[in-house]
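A.B. asks: Here it is, the structure, as structure tokens.
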Amino acid sequence: MAGKLDLDLDLDLDLDLGSRTAPGSGSGPRFNTDDFPRLIPAPFPPTLLVPKKDYSLDGWDPELRAWAYVEEFIDSYVGTTAVLAIEALINTQTVFPVPTRNGFLTPITRPLTPTDMQQQVLGVLDASIDRADRSLEILDQASGQGALHYWTGMLRIDPSKDKNTFLLMLVARKIGEYVAMGLKQYYQMRRPAQVYPLIMPLIDGPDTPSFPSSHSLQAHLITGVLKLALTPQALPVWPPPAPPPSCANTAQALDVLADRIAYNREVAGVHYHMDTLGGYFGAVQCLTKLNGLPASSLFQTLLGLANLELRDWH
């Protein structure tokens, strides 16, 4: 009985402490509800001063602030949407097969065939040989947030100091997610293990269609905006360069990082190589649009500020 009592007391105490904040921490309830009205002075001031300063951008959560840049990107397409425009361009590619279904707005130049499907599945199986070496890395990169610290680690980006560069990365991640999810809605391609169950993915992939790879699109878009913030700027290239870059400079190192993160999804068994290429192509189209925005745009202004923080990289 005593043991049960001790257990109950420990559990109750731990839960209670976990639900409260330390005094002076700045979070949690500040006043008792019944007492709060007594703090309001009487009579209430007849006028209140209008603030002379705008809200501090440094105090704005960058995850939320990034949405303004997403809106600007969306609005930059006239008479169509970003997703529809990129979908139409994907359908013209002969570099990789494109999955088809009823209801496409534009014809597909190279539709996926049963032979292509076999080659895509074999590619996933071939990539699985790297699982032992990359398993921890793949788990770490499974979420978008987890993957971000590979870029911050490579460029020694401190989110609390290099605020503009970090915001630039978040903007790219959000735009990439918006475009990737829209494209997945159009192509609705089954995941590799749903085509060939013996693939047995290393991780549970997200419950979304396979084509294109969101990790690939976001990774190459994050790398791309960082390359635009370097001096000199490095514009994206399509089709992907072969052989891979030699990492003679920061821009090439960023390309290798994006390629590795994208390929890791093939190793994990949750994406085909065509998904990776589709994501890369989508990122190139987004970067082309972003790079063409006016100098006065939110994005170009942020790019200039990030350039000041990355001026030591070449």
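In the structure tokens, the first chain shown is A, the next is B, and so on; residue numbers restart at 1 for each chain, and ligands run from 1 in the order shown.
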Show me, as JSON lines, the residues of stretch 123-205 of chain A having an atom within 8 Å of stretch 90-108 of chain A, each with the closest atom pair and its distance in Å, using only C-alpha atoms.
C.D. replies:
{"residue": "A:Tyr186", "atom": "CA", "partner": "A:Phe104", "partner_atom": "CA", "distance": 7.4}
{"residue": "A:Tyr187", "atom": "CA", "partner": "A:Pro99", "partner_atom": "CA", "distance": 6.3}
{"residue": "A:Gln188", "atom": "CA", "partner": "A:Arg101", "partner_atom": "CA", "distance": 7.9}
{"residue": "A:Met189", "atom": "CA", "partner": "A:Pro99", "partner_atom": "CA", "distance": 6.5}
A.B. asks: For the residues in the current selection, export N, CA and C atoms as a CSV table (one decimal), in the first residue's frame.
C.D. replies:
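Saved result, result.csv, follows:
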chain,number,residue,atom,x,y,z
A,186,TYR,N,-2.0,16.6,-58.5
A,186,TYR,CA,-2.3,16.3,-59.9
A,186,TYR,C,-1.8,14.9,-60.4
A,187,TYR,N,-0.7,14.5,-59.9
A,187,TYR,CA,-0.1,13.3,-60.4
A,187,TYR,C,-0.6,12.0,-59.6
A,188,GLN,N,-0.8,12.1,-58.3
A,188,GLN,CA,-1.3,11.1,-57.5
A,188,GLN,C,-0.7,9.7,-57.7
A,189,MET,N,0.7,9.8,-57.8
A,189,MET,CA,1.5,8.5,-58.0
A,189,MET,C,1.6,7.7,-56.7
A.B. asks: According to DSSP computed on the backbone, where in stretch 169-198 of chain A is there alpha helix (DSSP H)? Give the residues as a ChimeraX atom specification.
C.D. replies: /A:169-187,192-195
A.B. asks: Kindly save the residues from that selection, with N, CA and C atoms included, as an mmCIF file, in the first residue's frame.
C.D. replies:
data_model
loop_
_atom_site.group_PDB
_atom_site.id
_atom_site.type_symbol
_atom_site.label_atom_id
_atom_site.label_comp_id
_atom_site.auth_asym_id
_atom_site.auth_seq_id
_atom_site.Cartn_x
_atom_site.Cartn_y
_atom_site.Cartn_z
ATOM 1 N N MET A 169 15.686 30.673 -45.832
ATOM 2 C CA MET A 169 15.551 29.214 -45.892
ATOM 3 C C MET A 169 14.115 28.780 -45.596
ATOM 4 N N LEU A 170 13.491 29.403 -44.615
ATOM 5 C CA LEU A 170 12.113 29.065 -44.270
ATOM 6 C C LEU A 170 11.158 29.422 -45.405
ATOM 7 N N VAL A 171 11.403 30.546 -46.042
ATOM 8 C CA VAL A 171 10.575 30.949 -47.184
ATOM 9 C C VAL A 171 10.666 29.890 -48.284
ATOM 10 N N ALA A 172 11.881 29.441 -48.580
ATOM 11 C CA ALA A 172 12.069 28.416 -49.610
ATOM 12 C C ALA A 172 11.378 27.117 -49.223
ATOM 13 N N ARG A 173 11.475 26.753 -47.956
ATOM 14 C CA ARG A 173 10.846 25.503 -47.516
ATOM 15 C C ARG A 173 9.331 25.573 -47.668
ATOM 16 N N LYS A 174 8.742 26.700 -47.316
ATOM 17 C CA LYS A 174 7.284 26.831 -47.393
ATOM 18 C C LYS A 174 6.800 26.898 -48.837
ATOM 19 N N ILE A 175 7.501 27.647 -49.681
ATOM 20 C CA ILE A 175 7.135 27.695 -51.093
ATOM 21 C C ILE A 175 7.268 26.300 -51.698
ATOM 22 N N GLY A 176 8.334 25.602 -51.344
ATOM 23 C CA GLY A 176 8.541 24.255 -51.852
ATOM 24 C C GLY A 176 7.437 23.302 -51.436
ATOM 25 N N GLU A 177 6.990 23.420 -50.196
ATOM 26 C CA GLU A 177 5.914 22.548 -49.730
ATOM 27 C C GLU A 177 4.609 22.864 -50.459
ATOM 28 N N TYR A 178 4.329 24.148 -50.639
ATOM 29 C CA TYR A 178 3.114 24.559 -51.340
ATOM 30 C C TYR A 178 3.084 23.991 -52.758
ATOM 31 N N VAL A 179 4.184 24.135 -53.480
ATOM 32 C CA VAL A 179 4.238 23.661 -54.864
ATOM 33 C C VAL A 179 4.208 22.136 -54.916
ATOM 34 N N ALA A 180 4.985 21.483 -54.059
ATOM 35 C CA ALA A 180 5.063 20.022 -54.085
ATOM 36 C C ALA A 180 3.712 19.386 -53.782
ATOM 37 N N MET A 181 3.018 19.902 -52.778
ATOM 38 C CA MET A 181 1.718 19.313 -52.436
ATOM 39 C C MET A 181 0.694 19.535 -53.557
ATOM 40 N N GLY A 182 0.764 20.697 -54.204
ATOM 41 C CA GLY A 182 -0.137 20.957 -55.322
ATOM 42 C C GLY A 182 0.121 20.016 -56.492
ATOM 43 N N LEU A 183 1.412 19.766 -56.782
ATOM 44 C CA LEU A 183 1.753 18.861 -57.876
ATOM 45 C C LEU A 183 1.369 17.417 -57.545
ATOM 46 N N LYS A 184 1.553 17.021 -56.311
ATOM 47 C CA LYS A 184 1.167 15.660 -55.903
ATOM 48 C C LYS A 184 -0.333 15.436 -56.132
ATOM 49 N N GLN A 185 -1.114 16.487 -55.919
ATOM 50 C CA GLN A 185 -2.555 16.381 -56.139
ATOM 51 C C GLN A 185 -2.863 16.060 -57.603
ATOM 52 N N TYR A 186 -2.047 16.573 -58.512
ATOM 53 C CA TYR A 186 -2.287 16.334 -59.933
ATOM 54 C C TYR A 186 -1.831 14.946 -60.370
ATOM 55 N N TYR A 187 -0.680 14.499 -59.866
ATOM 56 C CA TYR A 187 -0.110 13.251 -60.380
ATOM 57 C C TYR A 187 -0.564 12.014 -59.597
ATOM 58 N N PRO A 192 6.612 3.729 -53.854
ATOM 59 C CA PRO A 192 7.288 2.514 -54.332
ATOM 60 C C PRO A 192 6.807 1.220 -53.683
ATOM 61 N N ALA A 193 6.645 1.208 -52.359
ATOM 62 C CA ALA A 193 6.243 -0.014 -51.673
ATOM 63 C C ALA A 193 4.811 -0.406 -52.006
ATOM 64 N N GLN A 194 4.017 0.527 -52.517
ATOM 65 C CA GLN A 194 2.653 0.200 -52.929
ATOM 66 C C GLN A 194 2.636 -0.440 -54.314
ATOM 67 N N VAL A 195 3.737 -0.288 -55.034
ATOM 68 C CA VAL A 195 3.877 -0.926 -56.342
ATOM 69 C C VAL A 195 4.590 -2.274 -56.199
#
A.B. asks: Could you tell me how far atom CA of A:Leu310 sits from atom CA of A:Arg156, in Å to one decimal place?
C.D. replies: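 Computed distance, atom CA of A:Arg156 to atom CA of A:Leu310, equals 9.8 Å.
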A.B. asks: What is the distance between atom CA of A:Thr301 and atom CA of A:Ile261, in Å to one decimal?
C.D. replies: 28.3 Å
A.B. asks: Using only C-alpha atoms, which of the listed residues (A:Leu167, A:Pro43, A:Gln218, A:Asp162) sits closest to A:Tyr69?
C.D. replies: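 With only C-alpha atoms as the atom set, the closest residue is A:Leu167.
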A.B. asks: Show which residues sit within 6 Å of stretch 250-253 of chain A, as a ChimeraX atom specification. Count only C-alpha atoms, and ignore same-chain residues fewer than 4 positions away.
C.D. replies: /A:227,245,314
A.B. asks: Please produce a file of those selected residues containing C-alpha atoms, as an mmCIF file, in the first residue's frame.
C.D. replies:
data_model
loop_
_atom_site.group_PDB
_atom_site.id
_atom_site.type_symbol
_atom_site.label_atom_id
_atom_site.label_comp_id
_atom_site.auth_asym_id
_atom_site.auth_seq_id
_atom_site.Cartn_x
_atom_site.Cartn_y
_atom_site.Cartn_z
ATOM 1 C CA LYS A 227 23.118 30.252 -53.948
ATOM 2 C CA PRO A 245 30.065 19.165 -59.034
ATOM 3 C CA HIS A 314 32.384 32.183 -51.881
#
A.B. asks: May I ask for the distance between atom CA of A:Pro236 and atom CA of A:Leu293, given in Å to one decimal place?
C.D. replies: 15.6 Å
A.B. asks: Choose the residue, out of A:Asp61, A:Asp255, A:Asp75, A:Asp140, that has the smallest atom-to-atom separation from A:Ile222; count only C-alpha atoms.
C.D. replies: A:Asp255
A.B. asks: List the neighbours of A:Cys286 out to 9 Å using only C-alpha atoms; skip same-chain residues closer than 3 positions along the sequence, and give me the result as a count of residues only.
C.D. replies: 13
